[in-house]
Each structure stands twice: as structure tokens, then as C-alpha cells.
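Asks: my_file_28.cif is the file, holding mmCIF, C-alpha atoms:
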```
data_data
#
loop_
_atom_site.group_PDB
_atom_site.id
_atom_site.type_symbol
_atom_site.label_atom_id
_atom_site.label_comp_id
_atom_site.auth_asym_id
_atom_site.auth_seq_id
_atom_site.Cartn_x
_atom_site.Cartn_y
_atom_site.Cartn_z
ATOM 1 C CA MET A 1 -36.326 -6.280 0.148
ATOM 2 C CA LYS A 2 -33.318 -5.117 2.167
ATOM 3 C CA VAL A 3 -30.226 -7.296 1.981
ATOM 4 C CA LYS A 4 -27.280 -6.796 4.354
ATOM 5 C CA VAL A 5 -24.016 -7.236 2.454
ATOM 6 C CA VAL A 6 -21.319 -5.766 4.769
ATOM 7 C CA THR A 7 -18.359 -6.617 2.562
ATOM 8 C CA ASN A 8 -15.051 -4.824 2.046
ATOM 9 C CA ILE A 9 -14.993 -3.648 -1.565
ATOM 10 C CA LEU A 10 -11.285 -4.439 -1.875
ATOM 11 C CA GLU A 11 -11.964 -7.916 -0.505
ATOM 12 C CA ALA A 12 -10.914 -9.515 -3.804
ATOM 13 C CA ASN A 13 -7.411 -8.039 -3.504
ATOM 14 C CA ASP A 14 -7.121 -8.940 0.185
ATOM 15 C CA ARG A 15 -8.218 -12.514 -0.545
ATOM 16 C CA LEU A 16 -5.503 -12.906 -3.190
ATOM 17 C CA ALA A 17 -2.957 -11.228 -0.914
ATOM 18 C CA ALA A 18 -3.787 -13.906 1.699
ATOM 19 C CA GLU A 19 -3.237 -16.605 -0.961
ATOM 20 C CA ASN A 20 0.152 -15.093 -1.814
ATOM 21 C CA ARG A 21 0.955 -14.958 1.906
ATOM 22 C CA LYS A 22 0.218 -18.690 2.230
ATOM 23 C CA ILE A 23 2.511 -19.515 -0.701
ATOM 24 C CA PHE A 24 5.309 -17.338 0.705
ATOM 25 C CA ASP A 25 4.966 -18.904 4.182
ATOM 26 C CA GLN A 26 5.071 -22.423 2.777
ATOM 27 C CA ALA A 27 8.246 -21.551 0.872
ATOM 28 C CA GLY A 28 9.762 -19.908 3.971
ATOM 29 C CA VAL A 29 10.580 -16.655 2.185
ATOM 30 C CA TYR A 30 10.484 -13.144 3.724
ATOM 31 C CA VAL A 31 8.782 -10.618 1.444
ATOM 32 C CA MET A 32 9.464 -6.880 1.381
ATOM 33 C CA ASN A 33 7.384 -4.399 -0.689
ATOM 34 C CA VAL A 34 9.465 -1.313 -1.585
ATOM 35 C CA MET A 35 7.522 1.828 -2.506
ATOM 36 C CA SER A 36 8.450 5.388 -3.399
ATOM 37 C CA GLY A 37 7.799 8.196 -5.844
ATOM 38 C CA PRO A 38 9.444 7.896 -9.267
ATOM 39 C CA GLY A 39 13.214 8.444 -9.208
ATOM 40 C CA ALA A 40 13.748 8.245 -5.431
ATOM 41 C CA GLY A 41 16.174 5.367 -5.950
ATOM 42 C CA LYS A 42 14.275 2.095 -5.424
ATOM 43 C CA THR A 43 16.297 0.116 -7.944
ATOM 44 C CA SER A 44 19.526 1.641 -6.641
ATOM 45 C CA LEU A 45 18.520 0.636 -3.106
ATOM 46 C CA LEU A 46 17.873 -2.899 -4.337
ATOM 47 C CA GLU A 47 21.285 -2.979 -6.056
ATOM 48 C CA SER A 48 23.047 -1.740 -2.893
ATOM 49 C CA THR A 49 21.085 -4.167 -0.717
ATOM 50 C CA ILE A 50 21.787 -7.133 -2.979
ATOM 51 C CA LYS A 51 25.516 -6.356 -3.252
ATOM 52 C CA ASP A 52 25.754 -6.204 0.547
ATOM 53 C CA LEU A 53 23.648 -9.255 1.372
ATOM 54 C CA LYS A 54 24.005 -11.749 -1.475
ATOM 55 C CA GLY A 55 26.690 -13.618 0.411
ATOM 56 C CA GLU A 56 24.386 -14.052 3.413
ATOM 57 C CA LEU A 57 20.889 -14.369 1.913
ATOM 58 C CA LYS A 58 19.417 -15.868 -1.244
ATOM 59 C CA ILE A 59 17.484 -13.006 -2.809
ATOM 60 C CA GLY A 60 14.878 -12.815 -5.555
ATOM 61 C CA VAL A 61 13.151 -9.743 -7.020
ATOM 62 C CA ILE A 62 9.821 -8.873 -8.618
ATOM 63 C CA GLU A 63 10.039 -5.600 -10.559
ATOM 64 C CA GLY A 64 6.916 -3.521 -11.206
ATOM 65 C CA ASP A 65 6.804 -0.813 -13.879
ATOM 66 C CA ILE A 66 4.199 0.545 -16.279
ATOM 67 C CA ALA A 67 6.477 -0.308 -19.190
ATOM 68 C CA GLY A 68 10.020 -1.440 -19.976
ATOM 69 C CA THR A 69 12.495 -3.894 -18.488
ATOM 70 C CA ASP A 70 15.296 -1.504 -17.451
ATOM 71 C CA ASP A 71 14.976 -2.286 -13.764
ATOM 72 C CA ALA A 72 14.826 -6.065 -14.230
ATOM 73 C CA GLN A 73 17.936 -5.893 -16.416
ATOM 74 C CA ARG A 74 19.846 -4.050 -13.688
ATOM 75 C CA ILE A 75 18.920 -6.761 -11.180
ATOM 76 C CA GLU A 76 19.675 -9.568 -13.638
ATOM 77 C CA ALA A 77 23.184 -8.145 -14.062
ATOM 78 C CA LEU A 78 23.762 -8.971 -10.384
ATOM 79 C CA GLY A 79 22.975 -12.641 -10.991
ATOM 80 C CA ILE A 80 19.702 -12.524 -9.053
ATOM 81 C CA PRO A 81 16.478 -14.277 -10.161
ATOM 82 C CA VAL A 82 14.082 -11.533 -11.258
ATOM 83 C CA VAL A 83 10.652 -11.220 -12.859
ATOM 84 C CA GLN A 84 9.447 -7.977 -14.499
ATOM 85 C CA ILE A 85 5.749 -7.093 -14.303
ATOM 86 C CA ASN A 86 4.544 -4.472 -16.781
ATOM 87 C CA THR A 87 1.211 -3.076 -15.632
ATOM 88 C CA GLY A 88 0.568 -1.433 -18.992
ATOM 89 C CA GLY A 89 -0.928 1.627 -17.313
ATOM 90 C CA GLY A 90 -1.738 0.511 -13.785
ATOM 91 C CA CYS A 91 -0.151 2.831 -11.239
ATOM 92 C CA HIS A 92 0.500 0.213 -8.557
ATOM 93 C CA LEU A 93 1.038 -3.509 -8.180
ATOM 94 C CA ASP A 94 -1.867 -5.511 -6.803
ATOM 95 C CA ALA A 95 -2.157 -8.980 -5.298
ATOM 96 C CA ASN A 96 -3.428 -10.480 -8.540
ATOM 97 C CA MET A 97 -0.367 -9.349 -10.489
ATOM 98 C CA ILE A 98 1.916 -10.943 -7.883
ATOM 99 C CA TYR A 99 -0.203 -14.115 -7.861
ATOM 100 C CA GLU A 100 0.228 -14.426 -11.651
ATOM 101 C CA VAL A 101 4.052 -14.421 -11.525
ATOM 102 C CA ILE A 102 4.630 -16.121 -8.185
ATOM 103 C CA GLY A 103 5.374 -19.453 -9.884
ATOM 104 C CA GLU A 104 8.183 -17.980 -11.999
ATOM 105 C CA LEU A 105 10.583 -17.576 -9.081
ATOM 106 C CA PRO A 106 12.376 -20.375 -7.187
ATOM 107 C CA LEU A 107 10.675 -19.345 -3.913
ATOM 108 C CA LYS A 108 11.747 -22.438 -1.952
ATOM 109 C CA ASP A 109 15.376 -21.526 -2.625
ATOM 110 C CA LEU A 110 14.980 -17.903 -1.505
ATOM 111 C CA ASP A 111 15.383 -16.276 1.904
ATOM 112 C CA LEU A 112 14.236 -12.809 0.808
ATOM 113 C CA LEU A 113 11.916 -11.644 -1.976
ATOM 114 C CA ILE A 114 11.992 -7.930 -2.730
ATOM 115 C CA ILE A 115 9.050 -6.489 -4.653
ATOM 116 C CA GLU A 116 9.858 -3.129 -6.241
ATOM 117 C CA ASN A 117 6.509 -1.372 -6.674
ATOM 118 C CA VAL A 118 5.594 1.131 -9.383
ATOM 119 C CA GLY A 119 6.988 4.604 -8.643
ATOM 120 C CA ASN A 120 4.048 6.342 -6.974
ATOM 121 C CA LEU A 121 3.588 7.924 -3.532
ATOM 122 C CA VAL A 122 -0.208 7.471 -3.528
ATOM 123 C CA CYS A 123 -1.672 4.140 -4.607
ATOM 124 C CA PRO A 124 0.744 1.325 -3.693
ATOM 125 C CA ALA A 125 0.022 1.812 0.011
ATOM 126 C CA GLU A 126 -3.618 0.805 -0.521
ATOM 127 C CA PHE A 127 -2.961 -2.612 -2.007
ATOM 128 C CA ASN A 128 -1.670 -5.514 0.036
ATOM 129 C CA LEU A 129 0.398 -7.961 -1.960
ATOM 130 C CA GLY A 130 0.847 -10.583 0.774
ATOM 131 C CA GLU A 131 4.146 -9.089 1.911
ATOM 132 C CA ASP A 132 5.734 -9.258 5.396
ATOM 133 C CA MET A 133 6.737 -5.619 5.375
ATOM 134 C CA LYS A 134 6.265 -2.378 3.441
ATOM 135 C CA VAL A 135 9.232 -0.013 3.123
ATOM 136 C CA THR A 136 8.968 3.563 1.867
ATOM 137 C CA LEU A 137 11.905 5.258 0.195
ATOM 138 C CA LEU A 138 12.076 9.041 0.063
ATOM 139 C CA SER A 139 14.912 11.007 -1.504
ATOM 140 C CA ILE A 140 16.213 14.268 -0.035
ATOM 141 C CA ALA A 141 15.656 15.915 -3.415
ATOM 142 C CA GLU A 142 11.874 15.390 -3.089
ATOM 143 C CA GLY A 143 11.613 17.831 -0.210
ATOM 144 C CA HIS A 144 10.664 17.594 3.455
ATOM 145 C CA ASP A 145 6.927 18.172 3.004
ATOM 146 C CA LYS A 146 6.208 14.729 1.552
ATOM 147 C CA PRO A 147 5.256 12.758 4.712
ATOM 148 C CA LEU A 148 2.342 15.069 5.551
ATOM 149 C CA LYS A 149 1.300 15.288 1.900
ATOM 150 C CA TYR A 150 1.255 11.494 1.384
ATOM 151 C CA PRO A 151 0.466 10.184 4.860
ATOM 152 C CA LEU A 152 -0.816 6.694 4.059
ATOM 153 C CA MET A 153 2.471 5.514 2.565
ATOM 154 C CA PHE A 154 4.314 6.472 5.779
ATOM 155 C CA GLN A 155 1.631 5.046 8.053
ATOM 156 C CA GLU A 156 1.648 1.668 6.323
ATOM 157 C CA SER A 157 5.426 1.195 6.292
ATOM 158 C CA SER A 158 7.690 -0.447 8.858
ATOM 159 C CA ALA A 159 10.761 1.419 7.638
ATOM 160 C CA LEU A 160 11.577 4.698 5.916
ATOM 161 C CA VAL A 161 14.820 4.915 3.939
ATOM 162 C CA LEU A 162 15.941 8.498 3.245
ATOM 163 C CA ASN A 163 18.130 8.375 0.136
ATOM 164 C CA LYS A 164 20.505 10.798 -1.585
ATOM 165 C CA ILE A 165 21.785 12.298 1.694
ATOM 166 C CA ASP A 166 24.930 13.201 -0.229
ATOM 167 C CA LEU A 167 22.800 15.939 -1.838
ATOM 168 C CA LEU A 168 21.935 17.587 1.508
ATOM 169 C CA PRO A 169 24.385 20.486 1.037
ATOM 170 C CA TYR A 170 22.697 21.313 -2.300
ATOM 171 C CA THR A 171 19.058 21.317 -1.186
ATOM 172 C CA ASN A 172 16.935 23.049 1.444
ATOM 173 C CA ALA A 173 15.635 19.736 2.747
ATOM 174 C CA ASP A 174 15.234 19.647 6.528
ATOM 175 C CA ILE A 175 15.878 16.042 7.594
ATOM 176 C CA GLY A 176 14.704 16.853 11.123
ATOM 177 C CA LYS A 177 11.284 17.808 9.771
ATOM 178 C CA ILE A 178 11.058 14.617 7.696
ATOM 179 C CA ARG A 179 11.838 12.562 10.816
ATOM 180 C CA LYS A 180 9.426 14.492 13.055
ATOM 181 C CA ASP A 181 6.520 14.408 10.607
ATOM 182 C CA SER A 182 6.910 10.780 9.603
ATOM 183 C CA LEU A 183 7.236 9.645 13.243
ATOM 184 C CA SER A 184 4.113 11.621 14.142
ATOM 185 C CA LEU A 185 2.246 9.650 11.485
ATOM 186 C CA ASN A 186 3.874 6.379 12.541
ATOM 187 C CA PRO A 187 5.735 6.316 15.882
ATOM 188 C CA ASN A 188 7.098 2.811 15.184
ATOM 189 C CA LEU A 189 8.742 3.749 11.885
ATOM 190 C CA LYS A 190 12.411 2.728 11.648
ATOM 191 C CA ILE A 191 14.309 5.475 9.783
ATOM 192 C CA PHE A 192 17.578 5.019 7.841
ATOM 193 C CA GLU A 193 19.614 7.779 6.165
ATOM 194 C CA VAL A 194 21.559 6.515 3.152
ATOM 195 C CA SER A 195 23.233 7.416 -0.064
ATOM 196 C CA CYS A 196 23.026 4.578 -2.582
ATOM 197 C CA ARG A 197 25.538 6.488 -4.672
ATOM 198 C CA THR A 198 28.275 6.848 -2.040
ATOM 199 C CA GLY A 199 27.307 3.831 0.080
ATOM 200 C CA GLU A 200 26.863 5.884 3.259
ATOM 201 C CA GLY A 201 24.405 4.333 5.728
ATOM 202 C CA ILE A 202 23.775 1.235 3.598
ATOM 203 C CA SER A 203 25.313 -1.246 6.029
ATOM 204 C CA GLU A 204 23.053 -0.092 8.903
ATOM 205 C CA TRP A 205 20.050 -0.704 6.632
ATOM 206 C CA THR A 206 21.210 -4.120 5.401
ATOM 207 C CA LYS A 207 22.211 -5.262 8.913
ATOM 208 C CA TRP A 208 18.703 -4.454 10.172
ATOM 209 C CA LEU A 209 17.079 -6.157 7.180
ATOM 210 C CA GLN A 210 19.241 -9.253 7.512
ATOM 211 C CA THR A 211 18.353 -9.625 11.215
ATOM 212 C CA LEU A 212 14.675 -9.276 10.345
ATOM 213 C CA VAL A 213 14.846 -11.935 7.622
ATOM 214 C CA LYS A 214 16.826 -14.393 9.725
ATOM 215 C CA THR A 215 14.645 -14.069 12.819
ATOM 216 C CA THR A 216 11.202 -14.142 11.129
ATOM 217 C CA MET B 1 -7.599 6.615 -5.704
ATOM 218 C CA HIS B 2 -9.199 4.218 -8.141
ATOM 219 C CA GLU B 3 -12.833 5.111 -8.017
ATOM 220 C CA VAL B 4 -13.579 3.324 -11.297
ATOM 221 C CA SER B 5 -12.119 -0.009 -10.179
ATOM 222 C CA ILE B 6 -13.728 0.455 -6.759
ATOM 223 C CA ALA B 7 -17.105 1.135 -8.391
ATOM 224 C CA GLN B 8 -16.507 -1.999 -10.470
ATOM 225 C CA GLY B 9 -15.763 -4.019 -7.337
ATOM 226 C CA LEU B 10 -18.821 -2.594 -5.575
ATOM 227 C CA LEU B 11 -21.087 -3.484 -8.506
ATOM 228 C CA GLU B 12 -19.681 -7.009 -8.766
ATOM 229 C CA ILE B 13 -20.240 -7.706 -5.072
ATOM 230 C CA ALA B 14 -23.770 -6.250 -5.206
ATOM 231 C CA ILE B 15 -24.768 -8.147 -8.361
ATOM 232 C CA ASP B 16 -23.276 -11.380 -7.021
ATOM 233 C CA ASN B 17 -25.149 -11.066 -3.717
ATOM 234 C CA CYS B 18 -28.398 -10.120 -5.459
ATOM 235 C CA LYS B 19 -28.315 -13.125 -7.795
ATOM 236 C CA LYS B 20 -27.240 -15.531 -5.019
ATOM 237 C CA GLN B 21 -30.242 -14.443 -2.949
ATOM 238 C CA GLY B 22 -32.527 -15.086 -5.928
ATOM 239 C CA TYR B 23 -33.520 -11.513 -6.816
ATOM 240 C CA GLN B 24 -33.660 -9.890 -10.255
ATOM 241 C CA SER B 25 -32.740 -6.258 -9.800
ATOM 242 C CA ILE B 26 -31.023 -3.852 -7.441
ATOM 243 C CA ASP B 27 -32.929 -0.695 -6.476
ATOM 244 C CA SER B 28 -30.406 0.942 -4.184
ATOM 245 C CA ILE B 29 -26.991 0.365 -2.625
ATOM 246 C CA LYS B 30 -25.564 1.879 0.547
ATOM 247 C CA ALA B 31 -21.791 2.107 0.940
ATOM 248 C CA LYS B 32 -19.807 3.116 4.014
ATOM 249 C CA ILE B 33 -16.669 4.992 2.983
ATOM 250 C CA GLY B 34 -14.206 6.195 5.593
ATOM 251 C CA LYS B 35 -12.870 9.755 5.302
ATOM 252 C CA ALA B 36 -9.311 8.356 5.388
ATOM 253 C CA SER B 37 -9.945 5.628 2.813
ATOM 254 C CA GLY B 38 -8.568 7.786 0.012
ATOM 255 C CA VAL B 39 -11.814 7.478 -1.961
ATOM 256 C CA VAL B 40 -13.506 10.653 -3.191
ATOM 257 C CA PRO B 41 -17.306 10.107 -2.827
ATOM 258 C CA ASP B 42 -18.276 12.307 -5.811
ATOM 259 C CA SER B 43 -15.835 10.454 -8.066
ATOM 260 C CA LEU B 44 -17.158 7.120 -6.833
ATOM 261 C CA LEU B 45 -20.740 8.196 -7.546
ATOM 262 C CA PHE B 46 -19.745 9.375 -11.014
ATOM 263 C CA ALA B 47 -17.975 6.090 -11.783
ATOM 264 C CA PHE B 48 -20.908 4.086 -10.417
ATOM 265 C CA GLU B 49 -23.407 5.928 -12.610
ATOM 266 C CA ALA B 50 -21.291 5.212 -15.672
ATOM 267 C CA LEU B 51 -20.677 1.537 -14.915
ATOM 268 C CA LYS B 52 -24.151 0.505 -13.704
ATOM 269 C CA LYS B 53 -25.704 0.812 -17.176
ATOM 270 C CA ASP B 54 -26.803 -2.484 -18.776
ATOM 271 C CA THR B 55 -26.483 -4.380 -15.482
ATOM 272 C CA ILE B 56 -29.175 -5.480 -13.020
ATOM 273 C CA ALA B 57 -28.167 -2.401 -11.021
ATOM 274 C CA GLY B 58 -29.026 -0.172 -14.001
ATOM 275 C CA LYS B 59 -31.672 1.775 -12.079
ATOM 276 C CA ALA B 60 -29.990 1.657 -8.671
ATOM 277 C CA THR B 61 -29.055 4.701 -6.633
ATOM 278 C CA LEU B 62 -25.831 4.644 -4.659
ATOM 279 C CA THR B 63 -25.827 6.352 -1.258
ATOM 280 C CA ILE B 64 -22.526 6.946 0.504
ATOM 281 C CA GLU B 65 -22.285 7.281 4.259
ATOM 282 C CA GLU B 66 -18.960 8.941 5.091
ATOM 283 C CA ILE B 67 -17.415 7.524 8.244
ATOM 284 C CA PRO B 68 -15.339 10.048 10.224
ATOM 285 C CA VAL B 69 -11.797 9.287 11.341
ATOM 286 C CA GLY B 70 -11.743 8.279 14.978
ATOM 287 C CA GLY B 71 -9.381 6.676 17.410
ATOM 288 C CA PHE B 72 -8.335 5.955 20.960
ATOM 289 C CA CYS B 73 -5.556 7.884 22.705
ATOM 290 C CA ASP B 74 -3.122 5.824 24.779
ATOM 291 C CA SER B 75 -2.122 8.897 26.783
ATOM 292 C CA CYS B 76 -5.397 10.460 27.904
ATOM 293 C CA LYS B 77 -7.316 7.144 27.494
ATOM 294 C CA LYS B 78 -10.185 8.774 25.610
ATOM 295 C CA HIS B 79 -11.917 8.039 22.288
ATOM 296 C CA PHE B 80 -11.947 10.887 19.776
ATOM 297 C CA THR B 81 -13.181 11.774 16.288
ATOM 298 C CA VAL B 82 -11.851 14.445 13.953
ATOM 299 C CA ASP B 83 -13.091 16.264 10.838
ATOM 300 C CA GLU B 84 -9.834 15.809 8.926
ATOM 301 C CA ALA B 85 -8.797 12.751 6.936
ATOM 302 C CA TYR B 86 -5.552 12.291 8.871
ATOM 303 C CA VAL B 87 -4.617 12.500 12.518
ATOM 304 C CA ILE B 88 -1.087 13.347 13.638
ATOM 305 C CA GLU B 89 -1.892 13.994 17.293
ATOM 306 C CA CYS B 90 -4.735 13.360 19.742
ATOM 307 C CA PRO B 91 -7.096 16.367 19.431
ATOM 308 C CA LEU B 92 -7.725 16.265 23.179
ATOM 309 C CA CYS B 93 -4.236 16.055 24.676
ATOM 310 C CA ARG B 94 -1.933 16.394 21.587
ATOM 311 C CA SER B 95 -0.208 13.070 22.275
ATOM 312 C CA ALA B 96 1.303 11.218 19.307
ATOM 313 C CA SER B 97 0.433 7.901 20.925
ATOM 314 C CA PHE B 98 -2.950 6.808 19.596
ATOM 315 C CA LYS B 99 -4.639 4.107 17.518
ATOM 316 C CA ILE B 100 -6.978 4.815 14.640
ATOM 317 C CA GLU B 101 -10.215 2.817 14.948
ATOM 318 C CA THR B 102 -12.521 4.209 12.250
ATOM 319 C CA GLY B 103 -12.190 6.081 8.974
ATOM 320 C CA ARG B 104 -10.524 3.525 6.668
ATOM 321 C CA GLU B 105 -13.724 1.669 5.747
ATOM 322 C CA LEU B 106 -14.438 0.798 2.133
ATOM 323 C CA ASN B 107 -17.546 -1.342 2.513
ATOM 324 C CA ILE B 108 -20.704 -2.130 0.662
ATOM 325 C CA ASP B 109 -23.144 -2.149 3.547
ATOM 326 C CA GLU B 110 -26.647 -3.074 2.371
ATOM 327 C CA MET B 111 -28.921 -2.902 -0.650
ATOM 328 C CA GLU B 112 -32.592 -2.922 -1.670
ATOM 329 C CA VAL B 113 -33.431 -5.631 -4.194
ATOM 330 C CA SER B 114 -36.552 -6.872 -5.941
#
```
Here is the file; what I need is its structure written in the form of C-alpha cells.
Replies:
Amino acid sequence: MKVKVVTNILEANDRLAAENRKIFDQAGVYVMNVMSGPGAGKTSLLESTIKDLKGELKIGVIEGDIAGTDDAQRIEALGIPVVQINTGGGCHLDANMIYEVIGELPLKDLDLLIIENVGNLVCPAEFNLGEDMKVTLLSIAEGHDKPLKYPLMFQESSALVLNKIDLLPYTNADIGKIRKDSLSLNPNLKIFEVSCRTGEGISEWTKWLQTLVKTT
Amino acid sequence: MHEVSIAQGLLEIAIDNCKKQGYQSIDSIKAKIGKASGVVPDSLLFAFEALKKDTIAGKATLTIEEIPVGGFCDSCKKHFTVDEAYVIECPLCRSASFKIETGRELNIDEMEVS
């Protein structure tokens, strides 16, 4: 007997992502999912963003790592409500993990929730968490071949933040190639060049983010 | 990608549908996997074979239909398909202005039950 099923296999994750979305909408909070390879500077970007915007926006953070609480501690030191998820081996956050901790943050009091995903240029792009926007971070030190090697991440994101531009004189990275390749994958990608270490370019990024949060 | 957890998800959906329809066992499952879904068909088959044991899909065969990546070009106004997993320009006119329509599927399509 033939039975037609026609169901998306990742439907369980998408269903939970929709639940998260409903909770976020009811609380009136804008949610940003930040993804990158390990060591590109996600937590540093969060620190720079929070320092710039905490006077204007109420911010909360969900940290995702396989193990440890280092990142959550860095955010806590800025006086920001933060929850640390330890996946225990999972290489990306999924909607269920977010759903489990969603009640631990004062969502109704927040304007912006930043989710820092597990450091990984492959898997996070596949799993919706219920966010408003995905942002990919790429550091100059990772090389200019990454967009074409990891296309999905760049296709799924609304913004690309190129970090560690202060290291440009010490690498062979061709920023023009990064821009060209990532825009060919995603013509609508907004690209920012920053150095979290020196502060260069951070205010352009936070101004754009603030406008997005306030007008959504 | 996560072929094991995807095989798990596929089995759960199949078993759930089979039981809900009042049948006892699954003889075959057909999945439609897009070439740009990130799933490696051989790995999925391997994971499925390992996980199906001791379930009502224990004797089921999994067939995978690979869906090619295809889209519509906003410049030359034509539909296209490609062999590769990713498209960075329209293969007909080389424009960067196109929409992907097929190739990201990750669906369990139909099954034979008894």
C-alpha cells in the first residue's frame, strides 16, 4: 500500500523555531543569530556591540558552546542578562535548545536578543532558531576563499561582518575577493569591515543594527 | 551535515505516519534530497541502515531521488538547472540576479506499507 507522506524531515526543528518566533514576537524582542568559524571574534563582536548600544537598547544574550562558560562570563561582566547553552558535543544550536532556555531571560524587558552560535562555518546555517536575522562573521585571518567554500552560511545571512581588518597588512587576504564572492552568493548581503580590537568600523555596524531593531 | 539525526527524523516521520494509518510495517521509503541540501546520500543511506534495525522499518529499503539545483534568472527571464550544488551566476547569461527554486529539499516523499 503506497502512502504519500511529503514532509520536510527537519520539520520538527522548523516547528519549534516557529514557536520561538511567536514567543519573541509577543515579547517584542528583535533576535539576531551570530555565526562564524571558531575564533573569528563572535564574542568580541558582541562585547563591542553591547558597549556601543547598551545606552540605547536593552540587550540580552544566549551563548552557545560545546563546553565551558567563558563566553557567558565575558557577557555577564558587561552587566547583560545572559544564558549559556552547552551542547555537550552538538556542533550547532537548534530550535529545541533555544526553546528550552527561552524562559530564563527577561524577554519582555529586552529590545534585542543576540544568540551567539557554536563556532562552525557549516551546520548553524541549516537550523532556524526563530530569529529575525542571521549574521555571519568572518575574520581576515581565515582567508578570502571562505565564502565559496562555505556558501550556505553566506546565502542565509542578512549581514557579513569582516573582522580583524587591523591584520590586513600581515596577511594575504584580498578583501575585494571576499566582497565579490559573498555578494555573488547573496546580492543583498550588507557588508561591514571592522576591528573589534581597535574599534574601527564598529559604529557603522551598531548604527545599522540599532536602526533595524528600532524600526522592526 | 547530520545524516544520523536526519535518518532519525526520517524514520520517526515514517513510523508515525505508518502507525497513524493503521499499518504494521514499512517496506520501502522514498526521500527527495536536493543537491544543495548539504546531505550526502550515501551517508544518509548508511545511517538509515544502522538505525532502522528493531523498528517497524527494519526490512525497509530507502531510495533517494536527488533533486537538481534550479532557479529562475531575473535578467534573461529563463528557468535553469545546473549539475553543481551551488549557483553563483545564471548559466545562460551569467547574471548574478537569480532566485533558487529547487535543490534544497529534504523531504520524505512516500512509502510502501503493509
Asks: With a distance cut-off of 12 Å and all atoms listed in the file, select the neighbouring residues of Gly103 in chain B, excluding the residue or stretch itself and same-chain residues fewer than 2 positions from it, and output the selection as a PyMOL selection string.
Replies: chain B and resi 32-39+65-71+80-87+99-101+105-107
Asks: Extract, using only C-alpha atoms, all DNA, RNA and protein residues at most 12 Å from Ala31 in chain B, discarding same-chain residues fewer than 3 positions from it, and format them as a ChimeraX atom specification.
Replies: /A:4-9 /B:6-7,9-11,13-14,28,34,39,41,44-45,48,61-67,105-111
Asks: I'd like to know which of B:Glu49, B:Glu3, B:Asp42, B:Glu112 is closest to chain A, using all atoms listed in the file.
Replies: B:Glu112
Asks: On this file, the PyMOL selection byres ((chain B and resi 89-92) around 9) gives some set of residues; write that set as a list in words.
Replies: Ser184 and Leu185 of chain A; Gly71, Phe72, Cys73, Ser75, Cys76, Lys78, Phe80, Thr81, Val82, Val87, Ile88, Cys93, Arg94, Ser95, Ala96, Ser97 and Phe98 of chain B
Asks: Written as number ranges by chain, what is the full residue list that the PyMOL selection byres ((chain B and resi 21) around 12) yields on the file shown?
Replies: A: 1-5; B: 14-20, 22-26, 111-114
Asks: I need the chain A residues near chain B as an MDAnalysis selection string; criterion: at most 12 Å, counting all atoms listed in the file.
Replies: chainID A and resid 1:13 90:92 120:127 147:155 180:188
Asks: Grab the CA of Leu113 in chain A to CA of Gly130 in chain A distance for me, in Å with one decimal place.
Replies: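 Taking CA of Leu113 in chain A as the start and CA of Gly130 in chain A as the end point, the length is 11.5 Å.
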Asks: Could you tell me how far CA of Ile191 in chain A sits from CA of Val135 in chain A, in Å to one decimal place?
Replies: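 Distance between the two atoms: 10.0 Å.
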Asks: I need the output of the PyMOL selection byres ((chain A and resi 83) around 12) for this file as an NGL selection string; which residues are they?
Replies: :A and (60-65 or 69-76 or 80-82 or 84-86 or 97-98 or 100-106 or 113-116)
Asks: What is the distance between CA of Asp94 in chain A and CA of Asp54 in chain B, in Å to one decimal?
Replies: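 Spanning CA of Asp94 in chain A to CA of Asp54 in chain B is a straight-line distance of 27.8 Å.
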Asks: Since the input is missing atoms, can you rebuild N, CA and C atoms for range 55-66 of chain B and write them as a tab-separated table (two decimals), in the coordinates of the input?
Replies:
```tsv
chain	number	residue	atom	x	y	z
B	55	THR	N	-26.59	-3.30	-16.47
B	55	THR	CA	-26.48	-4.38	-15.48
B	55	THR	C	-27.79	-4.42	-14.70
B	56	ILE	N	-27.93	-5.41	-13.81
B	56	ILE	CA	-29.18	-5.48	-13.02
B	56	ILE	C	-29.23	-4.37	-11.97
B	57	ALA	N	-28.16	-3.57	-11.91
B	57	ALA	CA	-28.17	-2.40	-11.02
B	57	ALA	C	-28.40	-1.13	-11.82
B	58	GLY	N	-28.86	-1.29	-13.07
B	58	GLY	CA	-29.03	-0.17	-14.00
B	58	GLY	C	-29.85	0.99	-13.49
B	59	LYS	N	-30.81	0.69	-12.58
B	59	LYS	CA	-31.67	1.78	-12.08
B	59	LYS	C	-31.36	2.09	-10.62
B	60	ALA	N	-30.28	1.51	-10.11
B	60	ALA	CA	-29.99	1.66	-8.67
B	60	ALA	C	-29.37	3.01	-8.33
B	61	THR	N	-29.72	3.51	-7.15
B	61	THR	CA	-29.06	4.70	-6.63
B	61	THR	C	-28.01	4.26	-5.62
B	62	LEU	N	-26.88	4.94	-5.64
B	62	LEU	CA	-25.83	4.64	-4.66
B	62	LEU	C	-25.81	5.75	-3.62
B	63	THR	N	-25.94	5.37	-2.35
B	63	THR	CA	-25.83	6.35	-1.26
B	63	THR	C	-24.55	6.06	-0.51
B	64	ILE	N	-23.79	7.13	-0.21
B	64	ILE	CA	-22.53	6.95	0.50
B	64	ILE	C	-22.62	7.57	1.88
B	65	GLU	N	-22.39	6.75	2.90
B	65	GLU	CA	-22.28	7.28	4.26
B	65	GLU	C	-20.80	7.45	4.56
B	66	GLU	N	-20.39	8.69	4.81
B	66	GLU	CA	-18.96	8.94	5.09
B	66	GLU	C	-18.70	8.72	6.57
```
